[in-house]
file start-v4.cif (mmCIF, C-alpha atoms and all ligand atoms)
data_my_file
loop_
_atom_site.group_PDB
_atom_site.id
_atom_site.type_symbol
_atom_site.label_atom_id
_atom_site.label_comp_id
_atom_site.auth_asym_id
_atom_site.auth_seq_id
_atom_site.Cartn_x
_atom_site.Cartn_y
_atom_site.Cartn_z
ATOM 1 C CA MET A 611 -56.058 -17.465 -32.398
ATOM 2 C CA LYS A 612 -59.811 -17.518 -31.898
ATOM 3 C CA ILE A 613 -61.395 -17.533 -28.460
ATOM 4 C CA ILE A 614 -64.668 -19.444 -28.606
ATOM 5 C CA ARG A 615 -67.029 -19.503 -25.647
ATOM 6 C CA LEU A 616 -70.160 -21.274 -26.861
ATOM 7 C CA PRO A 617 -70.165 -25.076 -27.304
ATOM 8 C CA ARG A 618 -72.273 -24.888 -30.480
ATOM 9 C CA GLN A 619 -69.863 -22.367 -32.056
ATOM 10 C CA MET A 620 -66.984 -24.672 -31.160
ATOM 11 C CA THR A 621 -68.710 -27.597 -32.873
ATOM 12 C CA ALA A 622 -69.504 -25.470 -35.946
ATOM 13 C CA TRP A 623 -65.806 -24.498 -36.237
ATOM 14 C CA SER A 624 -64.741 -28.154 -35.969
ATOM 15 C CA ASN A 625 -67.382 -29.321 -38.459
ATOM 16 C CA SER A 626 -66.143 -26.910 -41.091
ATOM 17 C CA LEU A 627 -62.573 -28.226 -40.758
ATOM 18 C CA ILE A 628 -63.583 -31.870 -40.629
ATOM 19 C CA ARG A 629 -65.527 -31.352 -43.879
ATOM 20 C CA ARG A 630 -62.259 -30.189 -45.428
ATOM 21 C CA GLY A 631 -60.505 -33.361 -44.206
ATOM 22 C CA LYS A 632 -58.466 -31.640 -41.487
ATOM 23 C CA ARG A 633 -57.238 -33.311 -38.297
ATOM 24 C CA ILE A 634 -57.991 -31.612 -34.992
ATOM 25 C CA ALA A 635 -56.070 -32.174 -31.750
ATOM 26 C CA LEU A 636 -57.570 -31.252 -28.386
ATOM 27 C CA VAL A 637 -55.656 -30.360 -25.220
ATOM 28 C CA PRO A 638 -58.069 -30.181 -22.257
ATOM 29 C CA THR A 639 -56.851 -27.912 -19.417
ATOM 30 C CA MET A 640 -58.004 -25.902 -16.439
ATOM 31 C CA GLY A 641 -55.761 -22.992 -17.436
ATOM 32 C CA TYR A 642 -53.130 -20.995 -15.553
ATOM 33 C CA PHE A 643 -50.635 -22.321 -18.027
ATOM 34 C CA HIS A 644 -47.104 -23.405 -17.215
ATOM 35 C CA GLU A 645 -44.461 -25.021 -19.386
ATOM 36 C CA GLY A 646 -46.134 -28.437 -18.927
ATOM 37 C CA HIS A 647 -49.304 -27.194 -20.636
ATOM 38 C CA LEU A 648 -47.285 -25.549 -23.413
ATOM 39 C CA ARG A 649 -45.433 -28.792 -24.151
ATOM 40 C CA LEU A 650 -48.774 -30.586 -24.489
ATOM 41 C CA MET A 651 -49.825 -27.938 -27.014
ATOM 42 C CA ARG A 652 -46.586 -28.467 -28.978
ATOM 43 C CA LEU A 653 -47.087 -32.230 -29.000
ATOM 44 C CA ALA A 654 -50.694 -31.738 -30.145
ATOM 45 C CA ARG A 655 -49.452 -29.640 -33.053
ATOM 46 C CA GLN A 656 -47.261 -32.574 -34.209
ATOM 47 C CA HIS A 657 -50.330 -34.811 -34.384
ATOM 48 C CA ALA A 658 -52.812 -32.595 -36.220
ATOM 49 C CA ASP A 659 -53.457 -29.702 -38.603
ATOM 50 C CA HIS A 660 -55.316 -27.662 -35.996
ATOM 51 C CA VAL A 661 -54.992 -27.426 -32.218
ATOM 52 C CA VAL A 662 -57.854 -26.631 -29.855
ATOM 53 C CA VAL A 663 -57.041 -25.970 -26.199
ATOM 54 C CA SER A 664 -59.967 -26.044 -23.824
ATOM 55 C CA LEU A 665 -59.747 -23.970 -20.672
ATOM 56 C CA PHE A 666 -62.440 -24.856 -18.183
ATOM 57 C CA VAL A 667 -62.210 -25.103 -14.399
ATOM 58 C CA ASN A 668 -64.655 -27.966 -14.250
ATOM 59 C CA PRO A 669 -66.820 -27.556 -11.138
ATOM 60 C CA ILE A 670 -68.044 -31.168 -11.043
ATOM 61 C CA GLN A 671 -64.562 -32.583 -10.520
ATOM 62 C CA PHE A 672 -64.025 -30.598 -7.307
ATOM 63 C CA GLY A 673 -65.224 -31.848 -3.939
ATOM 64 C CA PRO A 674 -67.123 -29.525 -1.559
ATOM 65 C CA ARG A 675 -64.022 -28.807 0.520
ATOM 66 C CA GLU A 676 -61.666 -28.419 -2.431
ATOM 67 C CA ASP A 677 -60.175 -25.352 -4.126
ATOM 68 C CA LEU A 678 -62.704 -24.607 -6.909
ATOM 69 C CA ALA A 679 -63.195 -20.971 -5.810
ATOM 70 C CA SER A 680 -59.497 -20.255 -5.259
ATOM 71 C CA TYR A 681 -58.147 -22.181 -8.278
ATOM 72 C CA PRO A 682 -55.751 -19.747 -10.050
ATOM 73 C CA ARG A 683 -57.153 -18.055 -13.154
ATOM 74 C CA ASP A 684 -55.637 -15.586 -15.645
ATOM 75 C CA LEU A 685 -57.335 -15.756 -19.029
ATOM 76 C CA GLU A 686 -55.421 -12.845 -20.541
ATOM 77 C CA ARG A 687 -52.029 -14.388 -19.782
ATOM 78 C CA ASP A 688 -53.202 -17.850 -20.847
ATOM 79 C CA ALA A 689 -54.474 -16.489 -24.171
ATOM 80 C CA GLU A 690 -51.082 -14.881 -24.858
ATOM 81 C CA LEU A 691 -49.230 -18.091 -24.022
ATOM 82 C CA ALA A 692 -51.525 -20.236 -26.162
ATOM 83 C CA GLU A 693 -51.228 -17.802 -29.054
ATOM 84 C CA GLY A 694 -47.437 -18.096 -28.759
ATOM 85 C CA GLU A 695 -47.827 -21.861 -29.311
ATOM 86 C CA GLN A 696 -49.844 -21.326 -32.532
ATOM 87 C CA VAL A 697 -52.980 -22.699 -30.948
ATOM 88 C CA ASP A 698 -55.916 -22.217 -33.330
ATOM 89 C CA VAL A 699 -58.747 -22.042 -30.830
ATOM 90 C CA LEU A 700 -58.903 -21.445 -27.099
ATOM 91 C CA PHE A 701 -62.267 -22.881 -26.083
ATOM 92 C CA VAL A 702 -63.413 -21.232 -22.844
ATOM 93 C CA PRO A 703 -66.955 -22.335 -22.044
ATOM 94 C CA GLU A 704 -69.048 -21.078 -19.132
ATOM 95 C CA ALA A 705 -70.103 -23.596 -16.479
ATOM 96 C CA GLY A 706 -73.746 -22.778 -17.232
ATOM 97 C CA ASP A 707 -73.281 -23.746 -20.884
ATOM 98 C CA MET A 708 -71.476 -26.985 -20.040
ATOM 99 C CA TYR A 709 -73.971 -27.997 -17.349
ATOM 100 C CA PRO A 710 -77.320 -26.334 -18.094
ATOM 101 C CA GLU A 711 -80.132 -26.691 -15.554
ATOM 102 C CA GLY A 712 -81.446 -30.194 -15.579
ATOM 103 C CA ALA A 713 -78.289 -31.960 -16.836
ATOM 104 C CA GLN A 714 -78.238 -35.455 -15.324
ATOM 105 C CA THR A 715 -75.661 -37.572 -17.114
ATOM 106 C CA ARG A 716 -72.353 -38.675 -15.576
ATOM 107 C CA VAL A 717 -69.716 -40.896 -17.180
ATOM 108 C CA THR A 718 -68.218 -43.305 -14.643
ATOM 109 C CA VAL A 719 -65.174 -45.476 -15.256
ATOM 110 C CA SER A 720 -65.553 -47.813 -12.334
ATOM 111 C CA ALA A 721 -62.526 -49.776 -11.132
ATOM 112 C CA LEU A 722 -59.790 -47.411 -12.337
ATOM 113 C CA SER A 723 -61.449 -44.493 -10.523
ATOM 114 C CA GLU A 724 -61.622 -46.147 -7.130
ATOM 115 C CA GLY A 725 -58.056 -46.243 -5.763
ATOM 116 C CA LEU A 726 -55.291 -43.662 -5.390
ATOM 117 C CA CYS A 727 -56.732 -40.139 -5.890
ATOM 118 C CA GLY A 728 -60.251 -41.566 -6.264
ATOM 119 C CA ARG A 729 -60.269 -42.710 -2.638
ATOM 120 C CA SER A 730 -59.807 -39.242 -1.158
ATOM 121 C CA ARG A 731 -61.680 -37.453 -3.975
ATOM 122 C CA PRO A 732 -64.966 -39.337 -4.378
ATOM 123 C CA GLY A 733 -66.683 -38.374 -7.628
ATOM 124 C CA HIS A 734 -63.570 -36.664 -8.960
ATOM 125 C CA PHE A 735 -62.954 -39.024 -11.870
ATOM 126 C CA ALA A 736 -66.620 -39.143 -12.824
ATOM 127 C CA GLY A 737 -66.373 -35.351 -13.048
ATOM 128 C CA VAL A 738 -63.252 -35.635 -15.199
ATOM 129 C CA ALA A 739 -64.626 -38.392 -17.462
ATOM 130 C CA THR A 740 -67.892 -36.479 -17.920
ATOM 131 C CA VAL A 741 -66.251 -33.209 -18.913
ATOM 132 C CA VAL A 742 -63.774 -34.946 -21.226
ATOM 133 C CA ALA A 743 -66.620 -36.886 -22.864
ATOM 134 C CA LYS A 744 -68.469 -33.609 -23.424
ATOM 135 C CA LEU A 745 -65.336 -31.941 -24.806
ATOM 136 C CA PHE A 746 -64.827 -34.876 -27.179
ATOM 137 C CA HIS A 747 -68.375 -34.428 -28.491
ATOM 138 C CA ILE A 748 -68.135 -30.640 -28.713
ATOM 139 C CA VAL A 749 -64.660 -30.392 -30.282
ATOM 140 C CA LYS A 750 -64.690 -33.674 -32.267
ATOM 141 C CA PRO A 751 -60.904 -34.174 -32.183
ATOM 142 C CA GLN A 752 -59.083 -37.066 -33.828
ATOM 143 C CA VAL A 753 -56.325 -36.772 -31.191
ATOM 144 C CA ALA A 754 -56.381 -35.670 -27.551
ATOM 145 C CA VAL A 755 -53.268 -34.977 -25.482
ATOM 146 C CA PHE A 756 -53.021 -35.456 -21.712
ATOM 147 C CA GLY A 757 -50.134 -35.257 -19.235
ATOM 148 C CA GLU A 758 -48.753 -38.284 -17.460
ATOM 149 C CA LYS A 759 -48.550 -36.148 -14.316
ATOM 150 C CA ASP A 760 -52.216 -37.095 -13.813
ATOM 151 C CA PHE A 761 -51.542 -40.704 -14.650
ATOM 152 C CA GLN A 762 -54.732 -42.085 -13.090
ATOM 153 C CA GLN A 763 -56.713 -39.539 -15.103
ATOM 154 C CA LEU A 764 -54.937 -40.682 -18.271
ATOM 155 C CA ALA A 765 -55.754 -44.330 -17.481
ATOM 156 C CA VAL A 766 -59.412 -43.421 -16.842
ATOM 157 C CA ILE A 767 -59.666 -41.525 -20.131
ATOM 158 C CA ARG A 768 -58.005 -44.262 -22.169
ATOM 159 C CA GLN A 769 -60.467 -46.763 -20.672
ATOM 160 C CA MET A 770 -63.423 -44.483 -21.341
ATOM 161 C CA ALA A 771 -62.331 -43.981 -24.966
ATOM 162 C CA THR A 772 -62.007 -47.749 -25.432
ATOM 163 C CA ASP A 773 -65.251 -48.609 -23.647
ATOM 164 C CA LEU A 774 -67.264 -46.006 -25.554
ATOM 165 C CA ASN A 775 -65.698 -46.850 -28.955
ATOM 166 C CA TRP A 776 -64.273 -43.385 -29.386
ATOM 167 C CA ASP A 777 -62.145 -43.150 -32.520
ATOM 168 C CA ILE A 778 -59.723 -40.716 -30.874
ATOM 169 C CA ASP A 779 -55.987 -41.279 -30.325
ATOM 170 C CA ILE A 780 -55.232 -40.613 -26.680
ATOM 171 C CA VAL A 781 -51.647 -39.367 -26.459
ATOM 172 C CA GLY A 782 -49.722 -39.039 -23.184
ATOM 173 C CA HIS A 783 -46.953 -36.520 -22.561
ATOM 174 C CA PRO A 784 -44.210 -37.179 -19.969
ATOM 175 C CA ILE A 785 -44.187 -35.125 -16.769
ATOM 176 C CA VAL A 786 -42.555 -31.732 -17.177
ATOM 177 C CA ARG A 787 -40.507 -30.786 -14.115
ATOM 178 C CA GLU A 788 -38.864 -27.699 -12.682
ATOM 179 C CA PRO A 789 -35.027 -27.809 -12.728
ATOM 180 C CA ASP A 790 -35.019 -29.140 -9.145
ATOM 181 C CA GLY A 791 -37.457 -31.948 -9.987
ATOM 182 C CA LEU A 792 -40.790 -30.600 -8.732
ATOM 183 C CA ALA A 793 -43.507 -31.543 -11.228
ATOM 184 C CA MET A 794 -45.005 -28.386 -12.701
ATOM 185 C CA SER A 795 -48.546 -27.676 -11.542
ATOM 186 C CA SER A 796 -50.863 -24.677 -11.474
ATOM 187 C CA ARG A 797 -51.279 -25.477 -7.765
ATOM 188 C CA ASN A 798 -47.561 -24.886 -7.088
ATOM 189 C CA THR A 799 -48.461 -21.171 -6.940
ATOM 190 C CA TYR A 800 -50.194 -21.886 -3.600
ATOM 191 C CA LEU A 801 -46.869 -22.890 -1.988
ATOM 192 C CA SER A 802 -44.949 -20.558 0.353
ATOM 193 C CA PRO A 803 -41.151 -20.592 -0.117
ATOM 194 C CA ALA A 804 -40.800 -23.039 2.804
ATOM 195 C CA GLU A 805 -43.567 -25.280 1.427
ATOM 196 C CA ARG A 806 -41.967 -25.159 -2.008
ATOM 197 C CA LEU A 807 -38.848 -26.740 -0.450
ATOM 198 C CA SER A 808 -40.937 -29.345 1.389
ATOM 199 C CA ALA A 809 -42.684 -30.233 -1.883
ATOM 200 C CA LEU A 810 -39.383 -31.588 -3.194
ATOM 201 C CA CYS A 811 -40.012 -34.695 -1.055
ATOM 202 C CA LEU A 812 -42.086 -36.088 -3.943
ATOM 203 C CA PHE A 813 -39.211 -36.089 -6.399
ATOM 204 C CA GLN A 814 -36.793 -37.211 -3.673
ATOM 205 C CA ALA A 815 -39.048 -40.199 -2.997
ATOM 206 C CA ILE A 816 -39.077 -41.063 -6.706
ATOM 207 C CA GLN A 817 -35.299 -40.811 -6.910
ATOM 208 C CA HIS A 818 -34.884 -42.920 -3.781
ATOM 209 C CA ALA A 819 -37.229 -45.569 -5.165
ATOM 210 C CA ARG A 820 -35.464 -45.727 -8.511
ATOM 211 C CA GLN A 821 -32.100 -46.046 -6.769
ATOM 212 C CA ARG A 822 -33.370 -48.895 -4.542
ATOM 213 C CA VAL A 823 -34.711 -50.668 -7.630
ATOM 214 C CA ARG A 824 -31.325 -50.290 -9.326
ATOM 215 C CA GLN A 825 -29.792 -51.858 -6.203
ATOM 216 C CA GLY A 826 -32.075 -54.869 -6.685
ATOM 217 C CA LEU A 827 -34.907 -54.243 -4.212
ATOM 218 C CA ARG A 828 -38.102 -55.922 -5.455
ATOM 219 C CA GLU A 829 -40.448 -56.043 -2.423
ATOM 220 C CA ALA A 830 -43.007 -53.252 -2.627
ATOM 221 C CA ASP A 831 -43.713 -53.323 1.145
ATOM 222 C CA LYS A 832 -40.120 -52.655 2.049
ATOM 223 C CA LEU A 833 -39.787 -49.837 -0.445
ATOM 224 C CA LEU A 834 -43.090 -48.270 0.631
ATOM 225 C CA SER A 835 -42.085 -48.208 4.281
ATOM 226 C CA GLU A 836 -38.773 -46.539 3.385
ATOM 227 C CA LEU A 837 -40.639 -43.944 1.328
ATOM 228 C CA ASP A 838 -43.161 -43.335 4.092
ATOM 229 C CA GLY A 839 -40.280 -42.601 6.486
ATOM 230 C CA LEU A 840 -38.610 -40.335 3.959
ATOM 231 C CA VAL A 841 -41.754 -38.297 3.316
ATOM 232 C CA ARG A 842 -42.767 -38.060 6.977
ATOM 233 C CA ALA A 843 -39.275 -36.856 7.964
ATOM 234 C CA ASP A 844 -40.529 -33.368 7.077
ATOM 235 C CA ALA A 845 -43.257 -32.367 9.554
ATOM 236 C CA ALA A 846 -44.767 -30.013 6.957
ATOM 237 C CA VAL A 847 -45.652 -32.962 4.706
ATOM 238 C CA GLU A 848 -48.659 -35.201 5.263
ATOM 239 C CA PRO A 849 -48.756 -38.190 2.909
ATOM 240 C CA GLU A 850 -52.188 -39.070 1.540
ATOM 241 C CA TYR A 851 -51.025 -42.184 -0.273
ATOM 242 C CA ILE A 852 -47.805 -43.738 -1.457
ATOM 243 C CA ALA A 853 -48.507 -46.707 -3.721
ATOM 244 C CA ILE A 854 -46.862 -49.024 -6.194
ATOM 245 C CA VAL A 855 -49.315 -50.044 -8.885
ATOM 246 C CA HIS A 856 -49.395 -51.660 -12.311
ATOM 247 C CA ARG A 857 -49.136 -48.949 -14.984
ATOM 248 C CA GLN A 858 -52.350 -49.966 -16.773
ATOM 249 C CA SER A 859 -54.607 -51.711 -14.256
ATOM 250 C CA LEU A 860 -53.524 -49.461 -11.341
ATOM 251 C CA VAL A 861 -53.727 -52.572 -9.127
ATOM 252 C CA PRO A 862 -51.220 -52.502 -6.210
ATOM 253 C CA GLN A 863 -48.223 -54.781 -6.727
ATOM 254 C CA ALA A 864 -46.385 -56.832 -4.106
ATOM 255 C CA LEU A 865 -43.338 -57.370 -6.307
ATOM 256 C CA LEU A 866 -41.818 -54.672 -8.474
ATOM 257 C CA ASP A 867 -41.468 -55.234 -12.203
ATOM 258 C CA ARG A 868 -41.120 -53.205 -15.392
ATOM 259 C CA ASP A 869 -44.796 -52.184 -15.213
ATOM 260 C CA SER A 870 -44.515 -50.739 -11.697
ATOM 261 C CA VAL A 871 -45.434 -47.114 -11.188
ATOM 262 C CA LEU A 872 -44.778 -45.308 -7.939
ATOM 263 C CA ALA A 873 -47.639 -42.886 -7.329
ATOM 264 C CA LEU A 874 -47.764 -40.372 -4.494
ATOM 265 C CA ALA A 875 -50.128 -37.746 -3.169
ATOM 266 C CA VAL A 876 -49.186 -35.502 -0.260
ATOM 267 C CA ARG A 877 -50.416 -32.405 1.458
ATOM 268 C CA VAL A 878 -47.931 -29.631 2.032
ATOM 269 C CA GLY A 879 -49.782 -27.175 4.245
ATOM 270 C CA LYS A 880 -53.154 -26.775 2.527
ATOM 271 C CA THR A 881 -51.857 -27.728 -0.926
ATOM 272 C CA ARG A 882 -52.401 -31.206 -2.340
ATOM 273 C CA LEU A 883 -49.659 -32.357 -4.715
ATOM 274 C CA ILE A 884 -49.271 -35.544 -6.774
ATOM 275 C CA ASP A 885 -46.414 -37.162 -8.648
ATOM 276 C CA ASN A 886 -45.543 -40.523 -10.192
ATOM 277 C CA ASP A 887 -42.909 -42.340 -12.192
ATOM 278 C CA LEU A 888 -42.113 -45.721 -13.630
ATOM 279 C CA LEU A 889 -39.649 -47.439 -11.319
ATOM 280 C CA PHE A 890 -37.493 -49.129 -13.951
ATOM 281 C CA ALA A 891 -35.161 -47.466 -16.431
ATOM 282 C CA ASP A 892 -37.419 -46.431 -19.308
ATOM 283 C CA ARG A 893 -39.385 -43.342 -18.379
ATOM 284 C CA GLY A 894 -43.022 -42.459 -18.909
ATOM 285 C CA VAL A 895 -46.247 -44.387 -18.460
ATOM 286 C CA PRO A 896 -48.133 -45.411 -21.632
HETATM 287 P P1 LIG A 901 -54.629 -29.094 -15.634
HETATM 288 O O1 LIG A 901 -54.777 -27.736 -16.228
HETATM 289 O O2 LIG A 901 -53.801 -29.117 -14.387
HETATM 290 O O3 LIG A 901 -55.934 -29.840 -15.529
HETATM 291 O O4 LIG A 901 -53.763 -29.914 -16.671
HETATM 292 C C1 LIG A 901 -54.129 -29.990 -18.025
HETATM 293 C C2 LIG A 901 -53.316 -31.075 -18.681
HETATM 294 O O5 LIG A 901 -51.932 -30.766 -18.519
HETATM 295 C C3 LIG A 901 -53.534 -32.449 -18.046
HETATM 296 O O6 LIG A 901 -53.541 -33.434 -19.068
HETATM 297 C C4 LIG A 901 -52.337 -32.595 -17.144
HETATM 298 O O7 LIG A 901 -51.968 -33.938 -16.928
HETATM 299 C C5 LIG A 901 -51.282 -31.868 -17.946
HETATM 300 N N1 LIG A 901 -50.198 -31.430 -17.070
HETATM 301 C C6 LIG A 901 -50.292 -30.637 -15.978
HETATM 302 N N2 LIG A 901 -49.083 -30.485 -15.411
HETATM 303 C C7 LIG A 901 -48.213 -31.212 -16.148
HETATM 304 C C8 LIG A 901 -46.810 -31.474 -16.061
HETATM 305 N N3 LIG A 901 -46.060 -30.963 -15.103
HETATM 306 N N4 LIG A 901 -46.269 -32.274 -16.991
HETATM 307 C C9 LIG A 901 -47.026 -32.828 -17.982
HETATM 308 N N5 LIG A 901 -48.337 -32.614 -18.102
HETATM 309 C C10 LIG A 901 -48.926 -31.820 -17.211
#
call {"tool": "encode", "arguments": {"input": "start-v4.cif", "output": "structure tokens"}}
result
Amino acid sequence: MKIIRLPRQMTAWSNSLIRRGKRIALVPTMGYFHEGHLRLMRLARQHADHVVVSLFVNPIQFGPREDLASYPRDLERDAELAEGEQVDVLFVPEAGDMYPEGAQTRVTVSALSEGLCGRSRPGHFAGVATVVAKLFHIVKPQVAVFGEKDFQQLAVIRQMATDLNWDIDIVGHPIVREPDGLAMSSRNTYLSPAERLSALCLFQAIQHARQRVRQGLREADKLLSELDGLVRADAAVEPEYIAIVHRQSLVPQALLDRDSVLALAVRVGKTRLIDNDLLFADRGVP
């Protein structure tokens, strides 16, 4: 596996493969790999001849009071894990090379970025869309793989790819969970043992919601108030939002249907965690 740091070297590598008719898949990440990341790499491999994983803790998607400085990093371990997945290139650019002095351009996907996580993280999705747009130009993939754990991010990127006529297949991977249901996340390492238990409220809320839907409940308001009670029952958990939205438009729904996604964000101590799931039987958002 090659580790490439400079954007122009990354593009040169991709150009040489594209000239030979090869298909490249990109998996954008912020590193500190867990099984969720590794599954994305495996799925990428099924879609292409060569897999590029980018590892970049993107400063412009963090707010001023967020965890940019403390975000977990371990390049040596990540490189070993990626190598074990037969990744061809780990692309690890420096912030100064991604955003040289004087850079001014931001990619904004308007409506989809406004609700849910966008409300409490202003500018976050513009930061994400901008870095993904740059990665698409630098790596030139035919396929890019993203996790459904960040389902608003996936919706934003699909919209950006459509709006900007990008000829790239955007592939989603279902959420990878720990055995007890907690969605895997690099941020789970922030949790104390007690907080780790409290964090299970996210999966419990999803299970409760799916059970109520199976019982025939269709009013979003009623379900949301039950979920609010369930999450607040643990004093260590502060909900940021609990919402039922359409899987593609992300517009809140009054009545549940097969397109309904339950999306949650909570704070457990200082750690912000998100989760989501489709409420009807078939799993996974598009
Ligand atoms: P991150 O490094 O957290 O920015 O994540 C990189 C990619 O991995 C994103 O597309 C995430 O949605 C995806 N991802 C992170 N955690 C999970 C998970 N538990 N299951 C599936 N995908 C995930």
call {"tool": "resolve_selection", "arguments": {"input": "start-v4.cif", "expression": "the PyMOL selection byres (((not hetatm)) within 6 of (chain A and resi 901))", "output": "list in words"}}
result
Pro638, Thr639, Met640, Gly641, Gly646, His647, Phe756, Gly757, Glu758, Lys759, Asp760, His783, Pro784, Ile785, Val786, Arg787, Ala793, Met794 and Ser795 of chain A
call {"tool": "atom_distance", "arguments": {"input": "start-v4.cif", "atom1": "CA of Met770 in chain A", "atom2": "CA of Arg731 in chain A"}}
result
18.8 Å
call {"tool": "atom_distance", "arguments": {"input": "start-v4.cif", "atom1": "CA of Asp831 in chain A", "atom2": "CA of Leu872 in chain A"}}
result
12.2 Å
call {"tool": "residues_around", "arguments": {"input": "start-v4.cif", "residues": "range 875-890 of chain A", "least_positions_apart": "2", "cutoff": "8 Å", "atoms": "only C-alpha atoms", "output": "PyMOL selection string"}}
result
chain A and resi 727+759-761+793+797+800-801+805+808-809+812-813+816+819-820+823-824+846-852+857+867-873+892-895
call {"tool": "atom_distance", "arguments": {"input": "start-v4.cif", "atom1": "CA of Gly791 in chain A", "atom2": "CA of Leu810 in chain A"}}
result
7.1 Å
call {"tool": "closest_residue", "arguments": {"input": "start-v4.cif", "among": "A:Asp779, A:Glu695, A:Glu836, A:Glu724", "to": "Ser859 in chain A", "atoms": "only C-alpha atoms"}}
result
A:Glu724
call {"tool": "residues_around", "arguments": {"input": "start-v4.cif", "residues": "Asn625 in chain A", "least_positions_apart": "4", "cutoff": "9 Å", "atoms": "all atoms listed in the file", "output": "PyMOL selection string"}}
result
chain A and resi 620-621+629-630+749-750
call {"tool": "residues_around", "arguments": {"input": "start-v4.cif", "residues": "range 682-693 of chain A", "least_positions_apart": "6", "cutoff": "7 Å", "atoms": "all atoms listed in the file", "output": "ChimeraX atom specification"}}
result
/A:611,641-643
call {"tool": "write_last_selection", "arguments": {"input": "start-v4.cif", "atoms": "C-alpha atoms", "output": "PDB file, keeping the file's coordinate frame"}}
result
ATOM      1  CA  MET A 611     -56.058 -17.465 -32.398  1.00  0.00           C
ATOM      2  CA  GLY A 641     -55.761 -22.992 -17.436  1.00  0.00           C
ATOM      3  CA  TYR A 642     -53.130 -20.995 -15.553  1.00  0.00           C
ATOM      4  CA  PHE A 643     -50.635 -22.321 -18.027  1.00  0.00           C
TER       5      PHE A 643
END
call {"tool": "resolve_selection", "arguments": {"input": "start-v4.cif", "expression": "the PyMOL selection byres (((chain A and resi 660) around 8) and not hetatm)", "output": "number ranges by chain"}}
result
A: 632-635, 655, 658-659, 661-662, 697-698
call {"tool": "resolve_selection", "arguments": {"input": "start-v4.cif", "expression": "the PyMOL selection byres (((chain A and resi 663) around 7) and not hetatm)", "output": "list in words"}}
result
Leu636, Val637, Pro638, Val661, Val662, Ser664, Leu665, Val699, Leu700 and Phe701 of chain A
call {"tool": "closest_residue", "arguments": {"input": "start-v4.cif", "among": "A:Arg806, A:Arg649, A:Leu827, A:Thr718", "to": "Asp773 in chain A", "atoms": "all atoms listed in the file"}}
result
A:Thr718
call {"tool": "axis_aligned_box", "arguments": {"input": "start-v4.cif", "around": "range 878-882 of chain A", "padding_each_side": "5 Å", "output": "JSON"}}
result
{"center_x": -50.5, "center_y": -29.0, "center_z": 1.0, "size_x": 15.2, "size_y": 14.4, "size_z": 16.6}
call {"tool": "closest_residue", "arguments": {"input": "start-v4.cif", "among": "A:Asn668, A:Lys612, A:Ser680, A:Arg675", "to": "Gln696 in chain A", "atoms": "all atoms listed in the file"}}
result
A:Lys612
call {"tool": "closest_residue", "arguments": {"input": "start-v4.cif", "among": "A:Pro803, A:Pro862, A:Gly694, A:Pro669", "to": "Ala830 in chain A", "atoms": "only C-alpha atoms"}}
result
A:Pro862
call {"tool": "decode", "arguments": {"input": "start-v4.cif", "residues": "range 797-832 of chain A", "atoms": "C-alpha atoms", "output": "short mmCIF file (atom, residue, chain, number, x, y, z; two decimals), in the first residue's frame"}}
result
data_model
loop_
_atom_site.label_atom_id
_atom_site.label_comp_id
_atom_site.auth_asym_id
_atom_site.auth_seq_id
_atom_site.Cartn_x
_atom_site.Cartn_y
_atom_site.Cartn_z
CA ARG A 797 -15.81 9.32 18.90
CA ASN A 798 -16.92 6.34 21.01
CA THR A 799 -13.35 6.34 22.39
CA TYR A 800 -14.24 9.55 24.27
CA LEU A 801 -16.87 7.70 26.36
CA SER A 802 -16.22 6.64 29.98
CA PRO A 803 -17.59 3.18 30.90
CA ALA A 804 -20.69 4.81 32.43
CA GLU A 805 -21.20 7.03 29.37
CA ARG A 806 -20.75 4.02 27.10
CA LEU A 807 -23.78 2.45 28.83
CA SER A 808 -25.78 5.68 28.54
CA ALA A 809 -24.96 5.83 24.82
CA LEU A 810 -27.06 2.71 24.30
CA CYS A 811 -30.15 4.95 24.56
CA LEU A 812 -29.76 5.67 20.83
CA PHE A 813 -30.18 2.07 19.78
CA GLN A 814 -32.87 1.54 22.44
CA ALA A 815 -34.81 4.46 20.95
CA ILE A 816 -34.52 2.93 17.48
CA GLN A 817 -35.70 -0.45 18.73
CA HIS A 818 -38.59 1.15 20.61
CA ALA A 819 -39.62 3.09 17.51
CA ARG A 820 -39.50 0.05 15.26
CA GLN A 821 -41.58 -1.93 17.76
CA ARG A 822 -44.21 0.85 17.98
CA VAL A 823 -44.38 0.94 14.18
CA ARG A 824 -44.88 -2.84 14.10
CA GLN A 825 -47.73 -2.32 16.59
CA GLY A 826 -49.36 0.08 14.12
CA LEU A 827 -48.41 3.52 15.46
CA ARG A 828 -48.29 6.04 12.59
CA GLU A 829 -48.34 9.49 14.26
CA ALA A 830 -44.84 10.95 14.37
CA ASP A 831 -45.69 13.34 17.25
CA LYS A 832 -46.75 10.55 19.54
#
